[in-house]
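Coordinates from entry.txt are shown below (compact mmCIF, C-alpha atoms).
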```
# COMPACT_ATOMS: atom_id res chain seq x y z
CA MET D 1 112.25 102.85 98.10
CA VAL D 2 110.02 105.67 99.19
CA SER D 3 110.01 107.79 102.30
CA ILE D 4 108.10 110.89 103.26
CA SER D 5 108.73 114.28 104.78
CA GLY D 6 106.38 117.06 105.77
CA ALA D 7 102.93 116.95 107.21
CA GLY D 8 101.10 115.45 104.24
CA PRO D 9 98.24 116.97 102.27
CA THR D 10 96.75 120.23 103.48
CA ARG D 11 93.09 120.76 104.20
CA ARG D 12 92.47 122.26 100.78
CA THR D 13 93.83 119.13 99.07
CA ILE D 14 91.16 116.99 100.68
CA LEU D 15 87.98 116.91 98.61
CA ARG D 16 84.67 117.71 100.19
CA GLY D 17 82.29 114.78 100.42
CA SER D 18 79.37 114.51 98.08
CA LEU D 19 76.79 113.97 100.81
CA GLY D 20 75.06 116.93 102.34
CA VAL D 21 72.33 117.29 104.91
CA ALA D 22 69.54 117.58 102.39
CA GLY D 23 66.29 115.77 102.97
CA THR D 24 66.99 113.32 100.13
CA MET D 25 70.13 111.88 98.59
CA MET D 26 70.90 109.63 95.68
CA LEU D 27 71.92 106.14 96.71
CA GLY D 28 72.05 103.28 94.26
CA ALA D 29 71.74 102.46 90.61
CA GLY D 30 68.99 103.67 88.37
CA GLY D 31 68.73 107.08 90.02
CA GLN D 32 66.85 105.81 93.05
CA ALA D 33 66.12 108.57 95.54
CA LEU D 34 66.18 107.59 99.19
CA ALA D 35 64.37 109.80 101.64
CA ALA D 36 66.61 110.49 104.59
CA GLU D 37 63.65 109.78 106.88
CA GLU D 38 63.74 106.12 105.78
CA LEU D 39 67.09 105.68 107.56
CA LYS D 40 66.60 108.10 110.45
CA GLY D 41 67.05 106.28 113.73
CA LYS D 42 68.56 103.17 112.11
CA THR D 43 71.83 101.80 113.45
CA VAL D 44 74.42 100.20 111.19
CA VAL D 45 77.52 98.50 112.61
CA PHE D 46 80.63 98.88 110.49
CA ALA D 47 83.62 96.63 111.20
CA SER D 48 87.07 97.17 109.74
CA TRP D 49 90.76 96.92 110.64
CA GLY D 50 91.02 99.62 113.30
CA GLY D 51 93.57 102.38 113.73
CA ALA D 52 94.31 105.06 111.16
CA TYR D 53 92.56 103.21 108.33
CA GLN D 54 89.25 102.80 110.13
CA ASP D 55 89.51 106.38 111.39
CA ALA D 56 89.77 107.47 107.76
CA GLU D 57 86.81 105.30 106.77
CA LYS D 58 84.75 106.83 109.57
CA THR D 59 85.65 110.36 108.48
CA CYS D 60 85.24 109.84 104.73
CA TYR D 61 82.29 107.43 104.63
CA CYS D 62 80.43 106.82 107.87
CA ASP D 63 80.16 110.34 109.27
CA PRO D 64 78.81 111.89 106.04
CA PHE D 65 76.35 109.02 105.65
CA ALA D 66 75.11 109.48 109.22
CA GLN D 67 74.84 113.25 108.83
CA ALA D 68 72.84 112.96 105.62
CA THR D 69 70.44 110.28 106.77
CA GLY D 70 70.08 110.57 110.50
CA ALA D 71 71.25 106.97 110.82
CA LYS D 72 73.88 106.01 113.35
CA VAL D 73 77.01 104.15 112.27
CA LEU D 74 78.75 102.29 115.08
CA GLN D 75 82.39 101.29 114.68
CA ASP D 76 83.64 97.83 115.63
CA GLY D 77 86.56 95.54 114.94
CA PRO D 78 89.26 94.82 114.22
CA MET D 79 88.15 92.42 111.50
CA ASN D 80 88.89 88.81 112.41
CA THR D 81 87.99 85.88 110.18
CA ALA D 82 87.36 83.45 113.05
CA LYS D 83 85.07 85.93 114.78
CA PHE D 84 83.26 86.60 111.50
CA ARG D 85 82.62 82.89 110.96
CA THR D 86 81.42 82.44 114.54
CA MET D 87 78.89 85.25 114.09
CA ILE D 88 77.47 83.65 110.97
CA ASP D 89 77.29 80.24 112.63
CA GLY D 90 75.34 81.84 115.46
CA GLY D 91 72.79 83.19 113.00
CA ALA D 92 72.79 86.78 114.28
CA PRO D 93 75.91 88.72 113.23
CA ASP D 94 76.74 91.86 115.19
CA TRP D 95 78.21 93.50 112.09
CA ASP D 96 76.27 94.91 109.12
CA VAL D 97 79.07 96.05 106.80
CA THR D 98 82.56 94.58 107.04
CA ASP D 99 85.81 95.46 105.27
CA ILE D 100 87.59 92.19 104.38
CA THR D 101 90.53 91.06 102.27
CA ILE D 102 90.06 89.40 98.89
CA ASP D 103 91.35 86.02 100.10
CA PHE D 104 88.62 85.89 102.75
CA LEU D 105 86.03 87.04 100.20
CA TYR D 106 86.80 84.09 97.95
CA SER D 107 86.96 81.66 100.84
CA GLY D 108 83.79 83.00 102.46
CA ILE D 109 81.69 82.86 99.32
CA GLY D 110 82.11 79.11 99.22
CA ASP D 111 80.98 78.92 102.85
CA GLN D 112 77.96 81.19 102.22
CA LEU D 113 79.08 83.85 104.69
CA PHE D 114 77.81 86.91 102.81
CA GLU D 115 74.60 88.48 101.57
CA LYS D 116 74.42 89.05 97.83
CA ILE D 117 75.13 92.66 96.85
CA ASP D 118 71.89 94.44 95.95
CA LYS D 119 72.83 96.21 92.72
CA GLY D 120 69.54 98.07 92.83
CA ILE D 121 71.01 99.97 95.79
CA VAL D 122 74.77 99.76 95.24
CA ASP D 123 75.75 101.42 91.96
CA THR D 124 78.48 99.02 90.89
CA SER D 125 78.67 100.58 87.42
CA ARG D 126 80.87 103.35 88.83
CA LEU D 127 83.57 100.87 89.86
CA ASP D 128 86.37 99.23 87.94
CA PRO D 129 84.67 95.94 86.89
CA ARG D 130 87.66 93.95 88.18
CA PHE D 131 86.57 94.87 91.69
CA VAL D 132 82.89 93.94 91.47
CA ASN D 133 81.73 90.59 92.81
CA ASP D 134 78.22 89.28 93.39
CA TYR D 135 78.98 89.17 97.13
CA GLY D 136 81.31 92.12 97.62
CA VAL D 137 82.58 95.36 96.09
CA GLY D 138 86.17 96.51 96.19
CA CYS D 139 86.92 99.61 98.25
CA ILE D 140 90.74 99.93 98.22
CA VAL D 141 93.71 98.57 96.32
CA TRP D 142 96.82 98.18 98.46
CA SER D 143 99.98 96.14 98.92
CA TYR D 144 102.09 94.24 101.41
CA ASN D 145 105.54 95.85 101.36
CA LEU D 146 108.91 95.38 102.95
CA GLY D 147 109.16 98.25 105.42
CA TYR D 148 112.39 99.14 107.17
CA SER D 149 113.64 101.52 109.83
CA THR D 150 115.56 104.48 108.44
CA LYS D 151 117.13 104.82 111.87
CA ALA D 152 118.46 101.26 111.80
CA PHE D 153 119.58 101.60 108.16
CA PRO D 154 120.35 105.28 107.53
CA GLY D 155 122.70 104.89 104.57
CA LYS D 156 122.40 103.63 101.01
CA ASP D 157 122.72 99.97 101.98
CA VAL D 158 119.09 99.37 102.85
CA PRO D 159 116.94 96.24 102.53
CA ARG D 160 115.16 96.04 99.20
CA THR D 161 113.91 92.48 98.73
CA TRP D 162 112.42 89.72 100.87
CA ALA D 163 115.79 87.95 100.70
CA ASP D 164 117.26 90.95 102.53
CA MET D 165 114.69 90.52 105.27
CA PHE D 166 115.97 87.00 105.90
CA ASN D 167 119.62 88.11 105.89
CA LEU D 168 120.24 88.61 109.61
CA LYS D 169 123.97 89.10 109.17
CA ARG D 170 123.83 91.93 106.65
CA PHE D 171 120.72 93.53 108.11
CA PRO D 172 120.56 92.78 111.85
CA GLY D 173 117.61 93.40 114.11
CA LYS D 174 114.15 92.11 114.88
CA ARG D 175 111.76 91.34 112.01
CA THR D 176 107.98 91.48 111.90
CA PHE D 177 105.27 89.59 110.03
CA GLY D 178 101.56 89.68 110.53
CA ASP D 179 99.94 86.79 112.36
CA ILE D 180 98.60 85.71 108.97
CA VAL D 181 99.59 83.01 106.57
CA VAL D 182 98.51 85.00 103.50
CA SER D 183 101.45 86.99 102.07
CA THR D 184 103.86 85.54 104.64
CA LEU D 185 104.34 82.33 102.68
CA GLU D 186 104.75 84.28 99.45
CA ALA D 187 107.42 86.51 101.03
CA ALA D 188 109.30 83.50 102.42
CA LEU D 189 109.34 81.75 99.07
CA MET D 190 110.56 84.86 97.23
CA ALA D 191 113.27 85.18 99.87
CA ASP D 192 114.25 81.60 99.02
CA GLY D 193 114.63 82.44 95.35
CA VAL D 194 111.20 81.66 93.86
CA ALA D 195 110.18 84.15 91.18
CA PRO D 196 106.80 85.84 91.65
CA ASP D 197 105.38 84.27 88.49
CA LYS D 198 106.37 80.80 89.78
CA LEU D 199 104.90 81.08 93.27
CA TYR D 200 101.56 79.32 92.83
CA PRO D 201 100.75 76.70 93.87
CA LEU D 202 102.83 77.55 96.93
CA ASP D 203 105.52 75.15 98.07
CA VAL D 204 104.30 75.30 101.65
CA ASP D 205 106.95 73.05 103.19
CA ARG D 206 109.71 75.12 101.62
CA ALA D 207 108.13 78.34 102.86
CA PHE D 208 107.94 77.14 106.45
CA ARG D 209 111.52 75.91 106.32
CA LYS D 210 112.59 79.39 105.28
CA LEU D 211 110.52 81.00 108.01
CA ASP D 212 112.22 78.74 110.56
CA THR D 213 115.50 80.57 109.86
CA ILE D 214 114.24 83.87 111.33
CA LYS D 215 111.43 82.71 113.60
CA SER D 216 113.37 83.45 116.80
CA GLU D 217 113.98 87.02 115.62
CA THR D 218 110.42 87.72 114.49
CA VAL D 219 107.63 89.63 116.19
CA PHE D 220 104.16 88.77 114.88
CA TRP D 221 101.70 91.65 114.82
CA SER D 222 98.03 90.93 115.42
CA SER D 223 96.61 94.13 113.94
CA ASN D 224 97.65 96.62 111.28
CA SER D 225 97.85 99.33 113.95
CA GLN D 226 100.35 97.21 115.85
CA SER D 227 102.48 96.84 112.73
CA GLN D 228 102.87 100.63 112.67
CA GLN D 229 103.57 100.87 116.38
CA LEU D 230 106.40 98.35 116.19
CA PHE D 231 108.27 100.76 113.91
CA VAL D 232 107.28 103.83 115.92
CA ASP D 233 108.65 102.22 119.10
CA GLY D 234 111.80 100.93 117.40
CA GLU D 235 111.03 97.34 118.32
CA VAL D 236 111.80 96.05 114.82
CA SER D 237 114.27 96.98 112.11
CA MET D 238 112.19 95.73 109.18
CA GLY D 239 109.16 93.68 108.28
CA LEU D 240 106.00 93.19 106.31
CA ILE D 241 103.61 96.15 106.49
CA LEU D 242 100.75 97.50 104.38
CA ASN D 243 101.72 100.46 102.21
CA GLY D 244 99.04 102.74 103.66
CA ARG D 245 100.05 101.92 107.22
CA ALA D 246 103.68 102.72 106.41
CA TYR D 247 102.58 106.00 104.84
CA ASP D 248 100.52 106.94 107.88
CA ALA D 249 103.39 106.12 110.25
CA ALA D 250 105.88 108.11 108.18
CA LYS D 251 103.48 111.05 107.94
CA LYS D 252 103.36 111.10 111.75
CA GLY D 253 107.14 111.13 112.04
CA ALA D 254 108.09 107.46 112.37
CA PRO D 255 111.52 106.52 110.92
CA ILE D 256 110.14 104.19 108.26
CA ALA D 257 110.47 103.72 104.51
CA VAL D 258 109.28 100.98 102.19
CA SER D 259 110.65 99.07 99.25
CA TRP D 260 108.38 98.41 96.30
CA GLU D 261 110.43 95.46 95.05
CA GLN D 262 108.28 92.29 95.03
CA ASN D 263 105.33 94.10 96.60
CA ILE D 264 102.29 91.86 96.98
CA GLN D 265 99.17 93.64 95.74
CA SER D 266 95.69 92.99 97.07
CA VAL D 267 92.19 94.42 97.34
CA ASP D 268 89.81 94.98 100.23
CA TYR D 269 86.11 94.31 99.72
CA LEU D 270 82.96 95.51 101.47
CA VAL D 271 80.52 92.76 102.36
CA VAL D 272 77.29 92.35 104.29
CA PRO D 273 77.46 89.36 106.67
CA ARG D 274 74.74 86.77 106.00
CA GLY D 275 71.85 87.37 108.35
CA SER D 276 72.52 91.09 108.88
CA LYS D 277 69.61 92.72 110.71
CA ASN D 278 70.04 95.92 108.66
CA ARG D 279 70.63 94.61 105.16
CA ALA D 280 69.09 97.50 103.18
CA ALA D 281 70.79 100.20 105.24
CA ALA D 282 74.08 98.28 104.96
CA MET D 283 73.82 98.25 101.18
CA LYS D 284 73.18 101.99 101.18
CA LEU D 285 76.27 102.61 103.29
CA ILE D 286 78.34 100.55 100.84
CA ASP D 287 77.00 102.68 98.00
CA VAL D 288 78.25 105.82 99.75
CA MET D 289 81.65 104.19 100.25
CA THR D 290 82.12 103.72 96.51
CA GLN D 291 81.40 107.32 95.49
CA PRO D 292 84.45 108.97 93.86
CA GLU D 293 84.65 112.02 96.12
CA ASN D 294 84.67 109.89 99.23
CA GLN D 295 87.23 107.42 97.90
CA ALA D 296 89.54 110.29 96.91
CA LYS D 297 89.27 111.74 100.41
CA LEU D 298 90.32 108.42 101.91
CA ALA D 299 93.26 108.02 99.53
CA ASN D 300 94.49 111.46 100.53
CA MET D 301 94.37 110.48 104.19
CA ILE D 302 96.03 107.05 104.13
CA ALA D 303 97.39 106.30 100.61
CA TYR D 304 95.18 103.39 99.65
CA ALA D 305 94.16 103.51 96.00
CA PRO D 306 90.48 103.78 95.04
CA THR D 307 88.43 101.25 93.10
CA ASN D 308 86.36 103.98 91.44
CA PRO D 309 88.41 105.31 88.50
CA ALA D 310 86.80 108.75 88.78
CA ALA D 311 88.40 109.19 92.21
CA PHE D 312 91.96 109.40 90.89
CA SER D 313 91.51 112.96 89.66
CA GLY D 314 90.95 114.08 93.25
CA ILE D 315 94.08 112.51 94.74
CA ASP D 316 96.92 114.77 95.87
CA PRO D 317 99.97 114.25 93.59
CA GLN D 318 102.19 113.90 96.69
CA ILE D 319 100.32 110.70 97.55
CA ALA D 320 100.88 109.04 94.17
CA PRO D 321 104.31 107.48 94.90
CA TRP D 322 102.77 105.70 97.90
CA LEU D 323 99.91 104.12 95.96
CA SER D 324 100.23 100.48 94.92
CA THR D 325 98.53 101.43 91.65
CA ALA D 326 101.31 103.83 90.63
CA PRO D 327 102.64 102.44 87.32
CA ASP D 328 106.18 101.82 88.57
CA ASN D 329 104.90 100.16 91.75
CA VAL D 330 102.60 97.89 89.74
CA LYS D 331 105.50 96.80 87.54
CA ARG D 332 107.61 95.85 90.55
CA GLY D 333 104.92 93.79 92.23
CA PHE D 334 102.25 91.19 91.52
CA LEU D 335 98.62 90.51 92.41
CA ILE D 336 98.00 87.93 95.10
CA ASN D 337 96.33 84.75 93.81
CA ALA D 338 92.90 84.90 95.44
CA GLU D 339 91.77 81.66 93.82
CA TYR D 340 94.62 79.80 95.49
CA TRP D 341 93.70 81.23 98.87
CA ARG D 342 90.04 80.49 98.31
CA ASP D 343 90.90 76.80 98.21
CA ASN D 344 93.64 76.74 100.84
CA LEU D 345 93.11 79.51 103.38
CA LYS D 346 91.47 77.54 106.18
CA ARG D 347 93.88 74.62 105.93
CA LEU D 348 97.01 76.76 105.79
CA GLN D 349 95.88 79.15 108.51
CA GLU D 350 95.56 76.15 110.83
CA ARG D 351 99.04 75.01 109.87
CA TRP D 352 100.36 78.55 110.40
CA THR D 353 98.90 78.67 113.90
CA ALA D 354 100.44 75.33 114.79
CA TRP D 355 103.84 76.39 113.41
CA LYS D 356 103.83 79.67 115.27
CA LEU D 357 103.09 77.96 118.58
CA ALA D 358 105.58 75.13 118.09
```

Could you rewrite the structure in this file as structure tokens?
Amino acid sequence: MVSISGAGPTRRTILRGSLGVAGTMMLGAGGQALAAEELKGKTVVFASWGGAYQDAEKTCYCDPFAQATGAKVLQDGPMNTAKFRTMIDGGAPDWDVTDITIDFLYSGIGDQLFEKIDKGIVDTSRLDPRFVNDYGVGCIVWSYNLGYSTKAFPGKDVPRTWADMFNLKRFPGKRTFGDIVVSTLEAALMADGVAPDKLYPLDVDRAFRKLDTIKSETVFWSSNSQSQQLFVDGEVSMGLILNGRAYDAAKKGAPIAVSWEQNIQSVDYLVVPRGSKNRAAAMKLIDVMTQPENQAKLANMIAYAPTNPAAFSGIDPQIAPWLSTAPDNVKRGFLINAEYWRDNLKRLQERWTAWKLA
């Protein structure tokens, strides 16, 4: 388990961004110089997950980009897969750069939802090659964790595993899951005794049977910001929450801690929706978002690990225990199977929606 005290990193622990207000800046592979005037007056719409995470992205990525180029970056969201698909079907997406999860990346590629990444603009060589795809580049590594209220469970007997989350007698109180099928089925199966290395292909019927046992005591959050607020307001005693969201809530004084046992690790990717009206400018914004100084700044704000290895040297040591990439946290978790979700996301999301409403 990990909890936090204090106010978090000080101003001097946050790295300064690499973008200035000079007339030119380097954006892209091969040392391409982009005159700021080429982007001046352009508007790029960036969509992400809202709340503290998107605030950090705005501060660390979008504001410096806008200052250096004279372009305007509008914020929108939260990201929603159904809305994303509807935009593409309409042929004129409102978004230019979108932060999405890896399961939607894999599913969306097959449905031709994204523009191909222009590697002449986005310098993908600076990134860990595991997080480079023809249609998206990784921006953060994170995890789904079991979070619990330190007010509801102040002693040593605290929930540690997903089985504990389903044990209403030993650990009473309301639970929370996201209104998402991804990760929820995995957590239910682990609670029912399935080992992480035996999860896939998921036994879906078994997972839903397990979820039935706590459905009446579960609050389903519709956004990551809401997942934090449920703990802040004391509406739930435990539940599934992203590690960075738990960190942000704890940093602001919420009575929350997380367990790293059976954490479910994942990656967010930056994509350009197919048909974007500002494709070139979107690619240039993505390039800025993968620079090491900017990724380190974001990690220091909200404890999501970078995809650029050079960024780790700029991360405050106090943040390290909250990162899903910390060696001990990696050992206690597993990487979500994106290939499985590529093939099953749409079908299982429909079943999830029907189950939740039943």

Closest of D:Pro309, D:Pro172, D:Pro159, D:Gly91 to Ile140 (chain D) - atom-to-atom distances counting all atoms listed in the file: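 Answer, going by the shortest atom-to-atom distance: D:Pro309.
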
If we count only C-alpha atoms and set the cut-off at 8 Å, which residues sit around Phe46 (chain D), ignoring sequence neighbours fewer than 5 positions away in its own chain? Please answer as a PyMOL selection string. chain D and resi 73-76+95-98

Please identify every residue of region 331-351 of chain D that has at least one atom no farther than 9 Å from an atom of region 176-186 of chain D, counting all atoms listed in the file, and for each give the shortest atom pair and the distance in Å to one decimal, arranged by chain then increasing number, as CSV.
```
residue,atom,partner,partner_atom,distance
D:Ile336,CA,D:Ser183,CA,7.8
D:Trp341,CA,D:Val182,CA,7.7
D:Leu345,CA,D:Val182,CA,7.7
D:Leu348,CA,D:Val181,CA,6.8
D:Gln349,CA,D:Val181,CA,5.7
D:Arg351,CA,D:Val181,CA,8.7
```

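Checking D:Met283, D:Ala82, D:Ala303, D:Val267 one by one against Phe131 (chain D), counting only C-alpha atoms, you find the shortest gap at D:Val267.
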
Could you make a table, as CSV, of the residues of region 258-307 of chain D that have an atom within 9 Å of an atom of region 109-129 of chain D, each with its nearest atom pair and distance in Å to one decimal, counting all atoms listed in the file, in chain and number order?
```
residue,atom,partner,partner_atom,distance
D:Val271,CA,D:Phe114,CA,6.5
D:Val272,CA,D:Glu115,CA,5.4
D:Pro273,CA,D:Phe114,CA,4.6
D:Arg274,CA,D:Phe114,CA,4.4
D:Gly275,CA,D:Glu115,CA,7.4
D:Ser276,CA,D:Glu115,CA,8.0
D:Arg279,CA,D:Glu115,CA,8.1
D:Ala280,CA,D:Ile121,CA,8.0
D:Met283,CA,D:Val122,CA,6.2
D:Lys284,CA,D:Ile121,CA,6.2
D:Leu285,CA,D:Val122,CA,8.7
D:Ile286,CA,D:Val122,CA,6.7
D:Asp287,CA,D:Val122,CA,4.6
D:Val288,CA,D:Val122,CA,8.3
D:Thr290,CA,D:Leu127,CA,7.4
D:Gln291,CA,D:Arg126,CA,7.8
D:Pro292,CA,D:Arg126,CA,8.3
D:Thr307,CA,D:Leu127,CA,5.9
```

If you measure from CA of Leu39 (chain D) to CA of Thr101 (chain D), what distance in Å do you get, rounded to one decimal?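 Atom-to-atom, CA of Leu39 (chain D) to CA of Thr101 (chain D), that is 28.1 Å.
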
Can you list, as a PDB file with C-alpha atoms, in the coordinates of the input, every protein, DNA or RNA residue that comes within 9 Å of region 149-153 of chain D when you count only C-alpha atoms, leaving out same-chain residues fewer than 5 positions away?
```pdb
ATOM      1  CA  SER D   3     110.010 107.790 102.300  1.00  0.00           C
ATOM      2  CA  VAL D 158     119.090  99.370 102.850  1.00  0.00           C
ATOM      3  CA  PRO D 159     116.940  96.240 102.530  1.00  0.00           C
ATOM      4  CA  PHE D 171     120.720  93.530 108.110  1.00  0.00           C
ATOM      5  CA  PRO D 172     120.560  92.780 111.850  1.00  0.00           C
ATOM      6  CA  GLY D 173     117.610  93.400 114.110  1.00  0.00           C
ATOM      7  CA  PHE D 231     108.270 100.760 113.910  1.00  0.00           C
ATOM      8  CA  GLY D 234     111.800 100.930 117.400  1.00  0.00           C
ATOM      9  CA  VAL D 236     111.800  96.050 114.820  1.00  0.00           C
ATOM     10  CA  SER D 237     114.270  96.980 112.110  1.00  0.00           C
ATOM     11  CA  MET D 238     112.190  95.730 109.180  1.00  0.00           C
ATOM     12  CA  ALA D 254     108.090 107.460 112.370  1.00  0.00           C
ATOM     13  CA  PRO D 255     111.520 106.520 110.920  1.00  0.00           C
ATOM     14  CA  ILE D 256     110.140 104.190 108.260  1.00  0.00           C
ATOM     15  CA  ALA D 257     110.470 103.720 104.510  1.00  0.00           C
ATOM     16  CA  VAL D 258     109.280 100.980 102.190  1.00  0.00           C
TER      17      VAL D 258
END
```

In Å to one decimal, how far is CA of Ser48 (chain D) from CA of Ile88 (chain D)?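 Spanning CA of Ile88 (chain D) to CA of Ser48 (chain D) is a straight-line distance of 16.6 Å.
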
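Candidate residues D:Gly51, D:Leu199, D:Tyr269, D:Gly41 were compared for distance to Tyr135 (chain D), and the nearest is D:Tyr269, using only C-alpha atoms.
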